[in-house]
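Okay, structure_14.cif is below, mmCIF, C-alpha atoms (C1' of nucleotides):
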```
data_structure
#
loop_
_atom_site.label_atom_id
_atom_site.label_comp_id
_atom_site.auth_asym_id
_atom_site.auth_seq_id
_atom_site.Cartn_x
_atom_site.Cartn_y
_atom_site.Cartn_z
CA MET F 35 68.86 -79.44 76.06
CA GLU F 36 67.78 -82.14 73.51
CA LYS F 37 65.49 -84.79 75.06
CA GLU F 38 64.79 -83.03 78.35
CA ASN F 39 63.98 -85.44 81.12
CA SER F 40 62.39 -84.35 84.35
CA LYS F 41 65.65 -83.53 86.06
CA ASP F 42 66.81 -81.35 83.18
CA LYS F 43 63.46 -79.59 83.00
CA ILE F 44 63.66 -78.78 86.71
CA ILE F 45 67.21 -77.47 86.46
CA SER F 46 66.67 -75.34 83.39
CA THR F 47 63.54 -73.79 84.86
CA ALA F 48 65.28 -73.21 88.18
CA SER F 49 68.23 -71.56 86.42
CA ARG F 50 65.94 -69.12 84.69
CA LEU F 51 63.95 -68.28 87.81
CA PHE F 52 66.93 -67.95 90.14
CA GLN F 53 68.58 -65.62 87.67
CA LEU F 54 65.46 -63.54 87.28
CA GLN F 55 64.13 -63.40 90.84
CA GLY F 56 67.01 -64.46 93.03
CA TYR F 57 67.36 -67.40 95.39
CA HIS F 58 65.01 -66.62 98.23
CA ALA F 59 62.20 -65.23 96.12
CA THR F 60 62.04 -68.40 94.03
CA GLY F 61 60.03 -71.15 95.65
CA LEU F 62 60.28 -74.83 94.92
CA ASN F 63 56.57 -74.90 94.17
CA GLN F 64 56.98 -72.29 91.45
CA ILE F 65 59.86 -74.21 89.92
CA LEU F 66 57.82 -77.41 89.85
CA LYS F 67 54.77 -75.69 88.40
CA GLU F 68 56.62 -73.83 85.64
CA SER F 69 58.83 -76.75 84.72
CA GLU F 70 55.75 -78.94 84.36
CA ALA F 71 57.92 -81.66 85.75
CA PRO F 72 56.19 -84.45 87.62
CA LYS F 73 55.56 -83.09 91.06
CA GLY F 74 57.19 -84.80 93.95
CA SER F 75 60.19 -85.90 91.99
CA LEU F 76 62.23 -82.93 93.13
CA TYR F 77 63.69 -84.51 96.23
CA TYR F 78 64.29 -87.69 94.31
CA TYR F 79 66.70 -85.91 91.98
CA PHE F 80 67.96 -83.37 94.49
CA PRO F 81 68.15 -85.09 97.87
CA ASN F 82 69.91 -82.08 99.37
CA GLY F 83 67.02 -79.85 98.50
CA LYS F 84 67.01 -76.29 97.36
CA GLU F 85 70.69 -75.65 97.93
CA GLN F 86 71.74 -78.53 95.69
CA LEU F 87 69.28 -77.46 93.03
CA ALA F 88 70.70 -73.94 93.15
CA ILE F 89 74.26 -75.20 92.83
CA GLU F 90 73.45 -77.26 89.77
CA SER F 91 71.47 -74.34 88.34
CA VAL F 92 74.44 -72.03 88.72
CA GLN F 93 76.63 -74.61 87.02
CA LEU F 94 74.22 -74.88 84.11
CA THR F 95 74.06 -71.10 83.75
CA ALA F 96 77.85 -70.94 83.89
CA ARG F 97 78.22 -73.42 81.04
CA PHE F 98 75.50 -71.79 78.98
CA VAL F 99 76.76 -68.24 79.38
CA SER F 100 80.43 -69.04 78.84
CA GLU F 101 79.51 -70.86 75.63
CA ARG F 102 77.61 -67.80 74.47
CA ILE F 103 80.59 -65.61 75.24
CA GLU F 104 82.88 -67.96 73.37
CA GLU F 105 80.63 -68.06 70.31
CA GLY F 106 80.41 -64.29 70.38
CA LEU F 107 84.16 -63.82 70.56
CA ASN F 108 84.78 -66.32 67.77
CA ARG F 109 82.89 -64.20 65.27
CA HIS F 110 85.89 -61.90 64.76
CA SER F 111 89.58 -62.57 65.00
CA ASP F 112 90.52 -59.10 66.22
CA PRO F 113 89.90 -59.06 69.98
CA VAL F 114 88.72 -55.46 70.14
CA VAL F 115 86.17 -55.99 67.41
CA ALA F 116 85.15 -59.34 68.88
CA ILE F 117 84.63 -58.18 72.46
CA GLN F 118 82.95 -54.98 71.41
CA GLY F 119 80.67 -56.88 69.08
CA PHE F 120 79.75 -59.30 71.83
CA ILE F 121 78.84 -56.56 74.29
CA ASP F 122 76.88 -54.70 71.62
CA ASP F 123 74.89 -57.87 71.00
CA MET F 124 74.20 -58.15 74.72
CA ALA F 125 73.00 -54.55 74.76
CA LYS F 126 70.73 -55.21 71.79
CA GLN F 127 69.27 -58.36 73.29
CA PHE F 128 68.80 -56.54 76.55
CA GLN F 129 66.73 -53.86 74.89
CA GLU F 130 64.52 -56.38 73.15
CA LYS F 131 63.66 -58.53 76.17
CA ARG F 132 64.74 -56.83 79.32
CA CYS F 133 62.52 -58.79 81.65
CA SER F 134 63.12 -62.23 80.27
CA GLU F 135 66.68 -62.80 81.40
CA GLY F 136 68.14 -61.02 84.40
CA VAL F 137 71.79 -60.75 85.39
CA PRO F 138 73.76 -64.00 85.18
CA ILE F 139 74.73 -65.45 88.59
CA ALA F 140 74.67 -62.10 90.38
CA ALA F 141 71.48 -62.39 92.40
CA VAL F 142 72.28 -65.85 93.72
CA ALA F 143 75.87 -64.82 94.43
CA LEU F 144 74.85 -61.78 96.47
CA GLU F 145 72.16 -63.58 98.42
CA THR F 146 73.99 -66.72 99.34
CA SER F 147 77.74 -66.05 99.41
CA LEU F 148 77.73 -65.44 103.15
CA THR F 149 75.44 -68.31 104.11
CA SER F 150 76.39 -71.22 101.85
CA GLU F 151 80.03 -71.81 101.14
CA GLU F 152 79.25 -74.43 98.50
CA LEU F 153 76.94 -72.11 96.61
CA ARG F 154 79.42 -69.26 96.86
CA LYS F 155 82.08 -71.53 95.42
CA ALA F 156 79.84 -72.44 92.50
CA CYS F 157 79.32 -68.76 91.73
CA GLN F 158 83.05 -68.13 91.98
CA VAL F 159 83.76 -70.91 89.51
CA ALA F 160 81.16 -69.44 87.17
CA TYR F 161 82.80 -66.03 87.21
CA GLU F 162 86.23 -67.57 86.68
CA LYS F 163 84.87 -69.32 83.61
CA PHE F 164 83.62 -66.06 82.14
CA GLN F 165 86.94 -64.33 82.80
CA ASP F 166 88.76 -67.22 81.27
CA VAL F 167 86.98 -66.97 77.94
CA PHE F 168 88.05 -63.35 77.57
CA THR F 169 91.57 -64.12 78.76
CA ARG F 170 92.04 -66.97 76.28
CA LYS F 171 90.88 -64.78 73.42
CA LEU F 172 93.43 -62.13 74.39
CA ILE F 173 96.27 -64.62 74.73
CA GLN F 174 95.42 -66.06 71.32
CA SER F 175 95.68 -62.55 69.94
CA GLY F 176 99.17 -62.09 71.29
CA TYR F 177 98.58 -60.37 74.60
CA GLU F 178 101.04 -61.22 77.33
CA GLU F 179 99.58 -63.79 79.72
CA ASN F 180 99.47 -61.75 82.90
CA ARG F 181 97.99 -58.77 81.16
CA ALA F 182 95.42 -61.01 79.50
CA LYS F 183 94.41 -62.41 82.89
CA GLU F 184 94.06 -58.96 84.39
CA LEU F 185 92.00 -57.74 81.47
CA GLY F 186 89.76 -60.80 81.68
CA ILE F 187 88.92 -59.94 85.28
CA VAL F 188 88.32 -56.28 84.46
CA ILE F 189 86.14 -56.98 81.43
CA ASN F 190 84.06 -59.47 83.37
CA SER F 191 83.63 -57.00 86.23
CA MET F 192 82.63 -54.20 83.87
CA LEU F 193 80.17 -56.42 82.10
CA GLU F 194 78.48 -57.70 85.25
CA GLY F 195 78.31 -54.17 86.64
CA ALA F 196 76.87 -52.80 83.43
CA PHE F 197 74.27 -55.58 83.38
CA LEU F 198 73.33 -54.79 86.96
CA ILE F 199 72.90 -51.08 86.32
CA SER F 200 71.14 -51.65 83.01
CA PHE F 201 68.76 -54.10 84.64
CA THR F 202 67.96 -51.73 87.49
CA THR F 203 67.62 -48.54 85.50
CA GLY F 204 65.91 -50.15 82.54
CA THR F 205 68.23 -48.76 79.89
CA SER F 206 70.98 -50.47 77.95
CA LYS F 207 73.15 -47.36 78.07
CA PRO F 208 75.65 -48.75 80.62
CA LEU F 209 76.25 -51.77 78.39
CA GLN F 210 76.69 -49.55 75.33
CA LEU F 211 79.13 -47.27 77.12
CA VAL F 212 81.18 -50.15 78.46
CA SER F 213 81.45 -51.48 74.94
CA LYS F 214 82.66 -48.08 73.83
CA GLN F 215 85.55 -48.18 76.31
CA ILE F 216 86.88 -51.53 75.14
CA PRO F 217 89.26 -50.10 72.50
CA VAL F 218 90.79 -47.75 75.08
CA LEU F 219 91.13 -50.54 77.60
CA LEU F 220 92.77 -52.96 75.20
CA GLN F 221 95.09 -50.53 73.52
CA MET M 279 73.34 -40.85 113.10
CA GLU M 280 73.58 -38.52 116.19
CA LYS M 281 70.65 -39.02 118.62
CA GLU M 282 69.19 -42.12 117.04
CA ASN M 283 65.53 -42.53 117.74
CA SER M 284 63.68 -45.76 117.18
CA LYS M 285 62.84 -45.04 113.57
CA ASP M 286 66.45 -44.22 112.72
CA LYS M 287 67.70 -47.29 114.52
CA ILE M 288 65.34 -49.48 112.54
CA ILE M 289 66.32 -47.92 109.22
CA SER M 290 70.06 -48.04 109.78
CA THR M 291 69.90 -51.66 110.89
CA ALA M 292 67.68 -52.53 107.95
CA SER M 293 70.06 -50.81 105.53
CA ARG M 294 72.95 -52.88 106.79
CA LEU M 295 71.06 -56.17 106.70
CA PHE M 296 69.43 -55.65 103.31
CA GLN M 297 72.81 -54.80 101.85
CA LEU M 298 74.43 -57.84 103.41
CA GLN M 299 71.75 -60.50 102.99
CA GLY M 300 69.36 -59.12 100.41
CA TYR M 301 65.70 -58.29 100.63
CA HIS M 302 63.97 -61.62 100.99
CA ALA M 303 66.51 -63.19 103.32
CA THR M 304 66.15 -60.36 105.82
CA GLY M 305 63.15 -60.76 108.07
CA LEU M 306 61.42 -57.99 109.99
CA ASN M 307 62.00 -59.94 113.19
CA GLN M 308 65.74 -59.92 112.67
CA ILE M 309 65.72 -56.19 111.98
CA LEU M 310 63.79 -55.50 115.17
CA LYS M 311 66.00 -57.75 117.25
CA GLU M 312 69.30 -56.35 115.98
CA SER M 313 68.18 -52.75 116.08
CA GLU M 314 67.10 -53.17 119.70
CA ALA M 315 64.29 -50.85 118.81
CA PRO M 316 61.11 -51.15 120.81
CA LYS M 317 59.32 -54.09 119.32
CA GLY M 318 55.98 -53.48 117.75
CA SER M 319 56.78 -49.96 116.67
CA LEU M 320 57.72 -51.02 113.18
CA TYR M 321 54.32 -50.67 111.61
CA TYR M 322 53.81 -47.43 113.47
CA TYR M 323 56.74 -45.86 111.62
CA PHE M 324 56.37 -47.82 108.39
CA PRO M 325 52.66 -48.31 107.79
CA ASN M 326 53.36 -49.73 104.34
CA GLY M 327 55.45 -52.48 105.82
CA LYS M 328 58.57 -54.09 104.50
CA GLU M 329 58.51 -52.44 101.11
CA GLN M 330 58.44 -48.94 102.58
CA LEU M 331 61.20 -49.84 105.02
CA ALA M 332 63.32 -51.12 102.15
CA ILE M 333 62.76 -47.98 100.10
CA GLU M 334 63.86 -45.75 102.96
CA SER M 335 66.81 -48.05 103.63
CA VAL M 336 67.94 -47.78 100.04
CA GLN M 337 67.64 -44.00 100.25
CA LEU M 338 69.75 -43.93 103.41
CA THR M 339 72.40 -46.13 101.83
CA ALA M 340 72.37 -43.92 98.74
CA ARG M 341 73.03 -40.79 100.79
CA PHE M 342 75.67 -42.48 102.91
CA VAL M 343 77.58 -44.02 100.03
CA SER M 344 77.48 -40.97 97.79
CA GLU M 345 78.85 -38.88 100.66
CA ARG M 346 81.68 -41.34 101.08
CA ILE M 347 82.44 -41.17 97.40
CA GLU M 348 82.40 -37.39 97.51
CA GLU M 349 84.72 -37.24 100.51
CA GLY M 350 87.05 -39.69 98.83
CA LEU M 351 87.18 -37.71 95.60
CA ASN M 352 87.77 -34.43 97.44
CA ARG M 353 91.04 -35.69 98.84
CA HIS M 354 92.90 -34.93 95.60
CA SER M 355 92.26 -32.34 92.96
CA ASP M 356 93.52 -34.43 90.05
CA PRO M 357 90.61 -36.67 89.03
CA VAL M 358 92.76 -39.66 88.10
CA VAL M 359 94.55 -39.62 91.44
CA ALA M 360 91.31 -38.96 93.30
CA ILE M 361 89.25 -41.73 91.72
CA GLN M 362 92.11 -44.20 91.86
CA GLY M 363 92.73 -43.35 95.51
CA PHE M 364 89.06 -43.82 96.32
CA ILE M 365 88.87 -47.24 94.70
CA ASP M 366 92.13 -48.30 96.36
CA ASP M 367 90.62 -47.33 99.71
CA MET M 368 87.57 -49.41 98.92
CA ALA M 369 89.80 -52.36 98.07
CA LYS M 370 91.70 -51.96 101.33
CA GLN M 371 88.56 -51.69 103.42
CA PHE M 372 87.15 -54.68 101.61
CA GLN M 373 90.15 -56.80 102.53
CA GLU M 374 89.93 -55.85 106.19
CA LYS M 375 86.25 -56.56 106.72
CA ARG M 376 84.84 -58.41 103.80
CA CYS M 377 81.79 -59.77 105.52
CA SER M 378 80.67 -56.67 107.32
CA GLU M 379 79.45 -54.63 104.39
CA GLY M 380 78.25 -56.25 101.22
CA VAL M 381 77.65 -54.62 97.86
CA PRO M 382 75.75 -51.31 97.98
CA ILE M 383 72.19 -51.50 96.62
CA ALA M 384 72.90 -54.44 94.33
CA ALA M 385 71.16 -57.26 96.17
CA VAL M 386 67.96 -55.32 96.72
CA ALA M 387 68.04 -54.04 93.15
CA LEU M 388 68.35 -57.50 91.66
CA GLU M 389 65.72 -59.07 93.87
CA THR M 390 63.02 -56.47 93.62
CA SER M 391 63.37 -54.55 90.34
CA LEU M 392 60.87 -56.76 88.59
CA THR M 393 58.32 -56.95 91.41
CA SER M 394 58.24 -53.49 92.96
CA GLU M 395 58.40 -50.49 90.70
CA GLU M 396 58.82 -48.10 93.64
CA LEU M 397 61.74 -50.01 95.04
CA ARG M 398 63.33 -50.30 91.61
CA LYS M 399 63.02 -46.56 91.21
CA ALA M 400 64.73 -45.98 94.56
CA CYS M 401 67.65 -48.16 93.45
CA GLN M 402 67.83 -46.32 90.13
CA VAL M 403 67.99 -42.96 91.93
CA ALA M 404 70.76 -44.34 94.15
CA TYR M 405 72.85 -45.39 91.18
CA GLU M 406 72.29 -42.06 89.48
CA LYS M 407 73.58 -40.34 92.60
CA PHE M 408 76.77 -42.37 92.55
CA GLN M 409 77.34 -41.65 88.88
CA ASP M 410 76.71 -37.99 89.47
CA VAL M 411 79.46 -37.64 92.03
CA PHE M 412 82.02 -38.98 89.57
CA THR M 413 80.60 -36.89 86.75
CA ARG M 414 80.73 -33.66 88.77
CA LYS M 415 84.33 -34.30 89.72
CA LEU M 416 85.24 -34.76 86.07
CA ILE M 417 83.39 -31.64 84.94
CA GLN M 418 85.15 -29.63 87.64
CA SER M 419 88.42 -30.92 86.28
CA GLY M 420 87.67 -29.66 82.80
CA TYR M 421 86.17 -32.71 81.10
CA GLU M 422 83.52 -31.98 78.53
CA GLU M 423 80.04 -32.51 79.98
CA ASN M 424 78.86 -35.38 77.81
CA ARG M 425 82.09 -37.25 78.19
CA ALA M 426 81.96 -36.72 81.96
CA LYS M 427 78.46 -38.16 82.08
CA GLU M 428 79.48 -41.19 80.07
CA LEU M 429 82.51 -41.80 82.22
CA GLY M 430 80.42 -41.46 85.39
CA ILE M 431 78.17 -44.26 84.20
CA VAL M 432 81.11 -46.44 83.19
CA ILE M 433 83.03 -45.90 86.42
CA ASN M 434 79.95 -46.67 88.50
CA SER M 435 79.31 -49.83 86.48
CA MET M 436 82.90 -50.99 86.82
CA LEU M 437 82.88 -50.33 90.53
CA GLU M 438 79.65 -52.17 91.22
CA GLY M 439 80.78 -55.07 89.08
CA ALA M 440 84.16 -55.23 90.80
CA PHE M 441 82.44 -55.18 94.19
CA LEU M 442 80.17 -57.99 93.12
CA ILE M 443 83.00 -60.19 91.90
CA SER M 444 85.23 -59.33 94.85
CA PHE M 445 82.42 -60.16 97.25
CA THR M 446 81.71 -63.48 95.58
CA THR M 447 85.25 -64.64 95.05
CA GLY M 448 86.55 -63.30 98.35
CA THR M 449 89.48 -61.38 96.91
CA SER M 450 89.88 -57.67 96.36
CA LYS M 451 91.74 -58.23 93.11
CA PRO M 452 88.90 -57.07 90.84
CA LEU M 453 88.72 -53.78 92.75
CA GLN M 454 92.47 -53.34 92.51
CA LEU M 455 92.52 -54.05 88.80
CA VAL M 456 89.67 -51.70 88.09
CA SER M 457 91.57 -48.99 89.92
CA LYS M 458 94.57 -49.73 87.75
CA GLN M 459 92.56 -49.07 84.56
CA ILE M 460 91.35 -45.63 85.64
CA PRO M 461 94.31 -43.72 84.13
CA VAL M 462 93.79 -45.43 80.78
CA LEU M 463 90.07 -44.78 80.89
CA LEU M 464 90.40 -41.09 81.75
CA GLN M 465 93.26 -40.28 79.46
"C1'" DG A 117 54.33 -44.78 121.08
"C1'" DT A 118 54.96 -49.18 122.46
"C1'" DC A 119 53.77 -53.94 123.38
"C1'" DT A 120 51.72 -58.80 122.96
"C1'" DA A 121 49.26 -62.05 120.73
"C1'" DT A 122 47.81 -63.99 116.80
"C1'" DA A 123 45.90 -64.39 112.27
"C1'" DG A 124 47.00 -66.09 107.83
"C1'" DT A 125 50.00 -67.42 104.37
"C1'" DG A 126 53.60 -69.78 102.19
"C1'" DG A 127 58.03 -71.72 102.62
"C1'" DG A 128 61.12 -76.23 102.66
"C1'" DA A 129 61.17 -80.75 103.80
"C1'" DT A 130 59.54 -85.68 104.85
"C1'" DA A 131 56.82 -90.08 104.80
"C1'" DG A 132 54.73 -93.49 102.55
"C1'" DA A 133 51.51 -95.27 98.92
"C1'" DC A 134 51.71 -96.71 94.24
"C1'" DG D 217 60.10 -92.55 89.57
"C1'" DT D 218 56.21 -90.29 90.69
"C1'" DC D 219 52.53 -88.42 93.62
"C1'" DT D 220 49.85 -86.85 97.74
"C1'" DA D 221 49.45 -85.52 102.19
"C1'" DT D 222 51.29 -83.41 105.85
"C1'" DC D 223 54.54 -81.45 109.33
"C1'" DC D 224 56.80 -77.65 111.05
"C1'" DC D 225 58.47 -73.38 110.79
"C1'" DA D 226 59.18 -68.49 109.43
"C1'" DC D 227 57.32 -64.88 107.51
"C1'" DT D 228 54.34 -60.44 106.99
"C1'" DA D 229 50.75 -58.12 108.78
"C1'" DT D 230 46.96 -56.83 111.99
"C1'" DA D 231 44.22 -56.12 116.25
"C1'" DG D 232 43.76 -54.31 120.43
"C1'" DA D 233 45.52 -53.45 125.30
"C1'" DC D 234 48.21 -50.08 127.74
#
```
For the file at hand, write its structure as structure tokens.
Amino acid sequence: MEKENSKDKIISTASRLFQLQGYHATGLNQILKESEAPKGSLYYYFPNGKEQLAIESVQLTARFVSERIEEGLNRHSDPVVAIQGFIDDMAKQFQEKRCSEGVPIAAVALETSLTSEELRKACQVAYEKFQDVFTRKLIQSGYEENRAKELGIVINSMLEGAFLISFTTGTSKPLQLVSKQIPVLLQ
Amino acid sequence: MEKENSKDKIISTASRLFQLQGYHATGLNQILKESEAPKGSLYYYFPNGKEQLAIESVQLTARFVSERIEEGLNRHSDPVVAIQGFIDDMAKQFQEKRCSEGVPIAAVALETSLTSEELRKACQVAYEKFQDVFTRKLIQSGYEENRAKELGIVINSMLEGAFLISFTTGTSKPLQLVSKQIPVLLQ
DNA sequence: GTCTATAGTGGGATAGAC
DNA sequence: GTCTATCCCACTATAGAC
């Protein structure tokens, strides 16, 4: 973040809007207006247009979210307590400001995976990053490597699914219930 | 299905395309072309336009998918075997024809939940139907009602999440791994 | 019920001045 | 680096003939 230049302002605004509205519903005009970036500079920074902007937006979201996961997990040494605490925090934040965030990566991934291989790849890398944070925490805590990898994939899937259902139904219950299953899953 | 009239042809084509490409990427022209329905009859059957068509498409998908879940679960009386078998089937089908299906409801839900309350509600009802099928199976098998409801929500979340990640990363591994956790979850 | 034509809007992208 | 103007296209939706 720090001293945000025009390019950074465009990307951070685009990340937020793509996550909230999806790829096709988010117009370049809206991004330029909301970012208050100098108009007309979009194709200077992103010569490949909307697709390139979306790719870099996904990459920014991936870094941002995986850092948040990592911070969350570092708050407790026990992996069950840590992961559960992280998901509980997500559920709490979700309740407070449901409309202001959206589901990380998912909308862009669903809309573009079949039409843009590059964008699909960016979403894949993002998901692998999320999984990896959980997996590393489990390995640190003594879990066998293969099992830790499997659990990373499962936890990430559960979390994305719970976000999706929570977002659609407007209640944080799915997130809360997924959190509740973590001890069983990690036993 | 049976004797498909024009309206049914339009809806079933729309369901497939919305699921595959999302709401905003699917144009009415494409739906009319692929459905081979008489052109121009769209606004005769759907006077409220694209939004109405999407709502009815989501409802059709909801019925279709929940029936498939129910059939799948009826193939074994033991709930662990039944649910695991169902998810394994999904994983197998996913491997065979990844591109031909997409993730049920998810794309439309993510793209429209914040802009169309009616459409959001239709997606919510769809998800509740899915959950309900799992919950009923568990209650039949002797699970306590509240626990069955909670597990229905969790299983549905896991499944949608695993579909999303499988779809994006192009491997059915998330679905397989989620299936593998079912015995632990239901113990 | 079905069709054609078209209105009207907004999208992404480009050119060229400064 | 930034801005304006503009092109072209696709979209949703409507009007009106048959």
For the provided coordinates, the residues matched by the PyMOL selection byres ((chain M) within 7 of (chain F)) should be stated as a ChimeraX atom specification. /M:299-300,302-303,385,387-389,391,398,401-402,428,431-432,435-436,438-440,443,446-447,452,455-456,462-463
How would you write, as an NGL selection string, the residues chosen by the PyMOL selection byres ((chain A and resi 127) around 9) on this structure? (:F and (61-62)) or (:A and (126 or 128)) or (:D and (225-227))
Please evaluate the PyMOL selection byres ((chain F) within 8 of (chain D)) against the displayed coordinates and give the resulting residues as a PDB file with C-alpha atoms, in the frame of the given file.
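Once written, result.pdb looks like this:
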```pdb
ATOM      1  CA  PRO F  72      56.190 -84.450  87.620  1.00  0.00           C
ATOM      2  CA  LYS F  73      55.560 -83.090  91.060  1.00  0.00           C
ATOM      3  CA  GLY F  74      57.190 -84.800  93.950  1.00  0.00           C
ATOM      4  CA  SER F  75      60.190 -85.900  91.990  1.00  0.00           C
ATOM      5  CA  TYR F  78      64.290 -87.690  94.310  1.00  0.00           C
TER       6      TYR F  78
END
```
Residue list for chain A near chain M as JSON, numbers by chain, 12 Å, all atoms listed in the file: {"A": [117, 118, 119, 120, 121, 127]}
Could you tell me which of F:Ala182, F:Leu172, F:Ala48, F:Ala160 comes closest to Ala96 in chain F if we count all atoms listed in the file?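 Going through F:Ala182, F:Leu172, F:Ala48, F:Ala160 one by one, the smallest distance to Ala96 in chain F is for F:Ala160.
With CA of Phe120 in chain F on one side and CA of Gly106 in chain F on the other, the separation reads 5.2 Å.
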What gap, in Å, lies between CA of Asn326 in chain M and CA of Arg341 in chain M? 21.9 Å
CA of Pro113 in chain F to CA of Lys171 in chain F: how many Å, to one decimal?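 CA of Pro113 in chain F sits 6.7 Å away from CA of Lys171 in chain F.
Near Ser290 in chain M, within 9 Å and counting only C-alpha atoms (C1' of nucleotides), sit M:Met279, M:Lys285, M:Leu295, M:Ser313, M:Ser335, M:Leu338, M:Thr339, not including residues fewer than 5 positions from it in the same chain.
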Pull N, CA and C atoms (P, O5', C5', C4', C3', O3' and C1' of nucleotides) for range 123-134 of chain A from the block and write them as a short mmCIF file (atom, residue, chain, number, x, y, z; two decimals), in the first residue's frame.
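Generated file (out-v9.cif):
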```cif
data_model
loop_
_atom_site.label_atom_id
_atom_site.label_comp_id
_atom_site.auth_asym_id
_atom_site.auth_seq_id
_atom_site.Cartn_x
_atom_site.Cartn_y
_atom_site.Cartn_z
P DA A 123 -33.60 2.96 -35.03
"O5'" DA A 123 -34.01 3.67 -33.67
"C5'" DA A 123 -35.30 3.41 -33.09
"C4'" DA A 123 -35.13 3.07 -31.61
"C3'" DA A 123 -34.13 3.97 -30.89
"O3'" DA A 123 -34.79 4.58 -29.79
"C1'" DA A 123 -33.69 1.68 -30.44
P DG A 124 -34.20 5.93 -29.16
"O5'" DG A 124 -33.23 5.37 -28.03
"C5'" DG A 124 -33.77 4.45 -27.09
"C4'" DG A 124 -32.63 3.87 -26.29
"C3'" DG A 124 -31.50 4.89 -26.03
"O3'" DG A 124 -31.27 4.94 -24.64
"C1'" DG A 124 -30.64 2.82 -26.81
P DT A 125 -30.36 6.06 -24.00
"O5'" DT A 125 -29.32 5.20 -23.15
"C5'" DT A 125 -29.76 3.98 -22.54
"C4'" DT A 125 -28.64 2.97 -22.51
"C3'" DT A 125 -27.30 3.55 -22.03
"O3'" DT A 125 -27.09 3.10 -20.70
"C1'" DT A 125 -27.05 1.94 -23.79
P DG A 126 -25.93 3.80 -19.81
"O5'" DG A 126 -24.73 2.78 -19.94
"C5'" DG A 126 -24.95 1.40 -19.67
"C4'" DG A 126 -23.83 0.62 -20.30
"C3'" DG A 126 -22.45 1.20 -19.93
"O3'" DG A 126 -21.72 0.23 -19.18
"C1'" DG A 126 -22.63 0.73 -22.27
P DG A 127 -20.25 0.53 -18.66
"O5'" DG A 127 -19.40 -0.50 -19.52
"C5'" DG A 127 -19.80 -1.87 -19.54
"C4'" DG A 127 -19.12 -2.58 -20.70
"C3'" DG A 127 -17.64 -2.24 -20.83
"O3'" DG A 127 -16.89 -3.21 -20.10
"C1'" DG A 127 -18.74 -2.09 -22.95
P DG A 128 -15.37 -2.86 -19.76
"O5'" DG A 128 -14.64 -3.09 -21.17
"C5'" DG A 128 -14.60 -4.39 -21.71
"C4'" DG A 128 -13.86 -4.35 -23.03
"C3'" DG A 128 -12.37 -4.00 -22.90
"O3'" DG A 128 -11.61 -4.85 -23.77
"C1'" DG A 128 -13.45 -2.42 -24.31
P DA A 129 -10.02 -4.72 -23.66
"O5'" DA A 129 -9.70 -3.71 -24.83
"C5'" DA A 129 -10.14 -4.03 -26.15
"C4'" DA A 129 -9.92 -2.83 -27.07
"C3'" DA A 129 -8.49 -2.27 -27.07
"O3'" DA A 129 -7.94 -2.48 -28.36
"C1'" DA A 129 -10.13 -0.53 -26.98
P DT A 130 -6.39 -2.09 -28.58
"O5'" DT A 130 -6.51 -0.67 -29.29
"C5'" DT A 130 -7.40 -0.53 -30.39
"C4'" DT A 130 -7.35 0.89 -30.93
"C3'" DT A 130 -5.95 1.49 -31.02
"O3'" DT A 130 -5.79 2.04 -32.32
"C1'" DT A 130 -7.39 2.96 -29.86
P DA A 131 -4.32 2.52 -32.78
"O5'" DA A 131 -4.60 4.07 -33.05
"C5'" DA A 131 -5.93 4.51 -33.32
"C4'" DA A 131 -5.94 6.02 -33.45
"C3'" DA A 131 -4.58 6.67 -33.73
"O3'" DA A 131 -4.75 7.79 -34.57
"C1'" DA A 131 -5.40 7.41 -31.63
P DG A 132 -3.44 8.52 -35.14
"O5'" DG A 132 -3.38 9.85 -34.27
"C5'" DG A 132 -4.57 10.61 -34.08
"C4'" DG A 132 -4.32 11.65 -33.01
"C3'" DG A 132 -2.91 12.29 -33.05
"O3'" DG A 132 -3.04 13.66 -32.72
"C1'" DG A 132 -3.29 11.42 -30.95
P DA A 133 -1.82 14.68 -33.01
"O5'" DA A 133 -2.16 15.90 -32.04
"C5'" DA A 133 -3.50 16.35 -31.89
"C4'" DA A 133 -3.70 16.83 -30.46
"C3'" DA A 133 -2.61 17.81 -29.99
"O3'" DA A 133 -3.23 18.92 -29.34
"C1'" DA A 133 -2.77 15.95 -28.50
P DC A 134 -2.36 20.21 -29.02
"O5'" DC A 134 -1.74 19.93 -27.59
"C5'" DC A 134 -2.59 19.94 -26.43
"C4'" DC A 134 -1.80 19.43 -25.26
"C3'" DC A 134 -0.44 20.13 -25.07
"O3'" DC A 134 -0.52 21.06 -24.00
"C1'" DC A 134 -0.36 17.77 -24.64
#
```
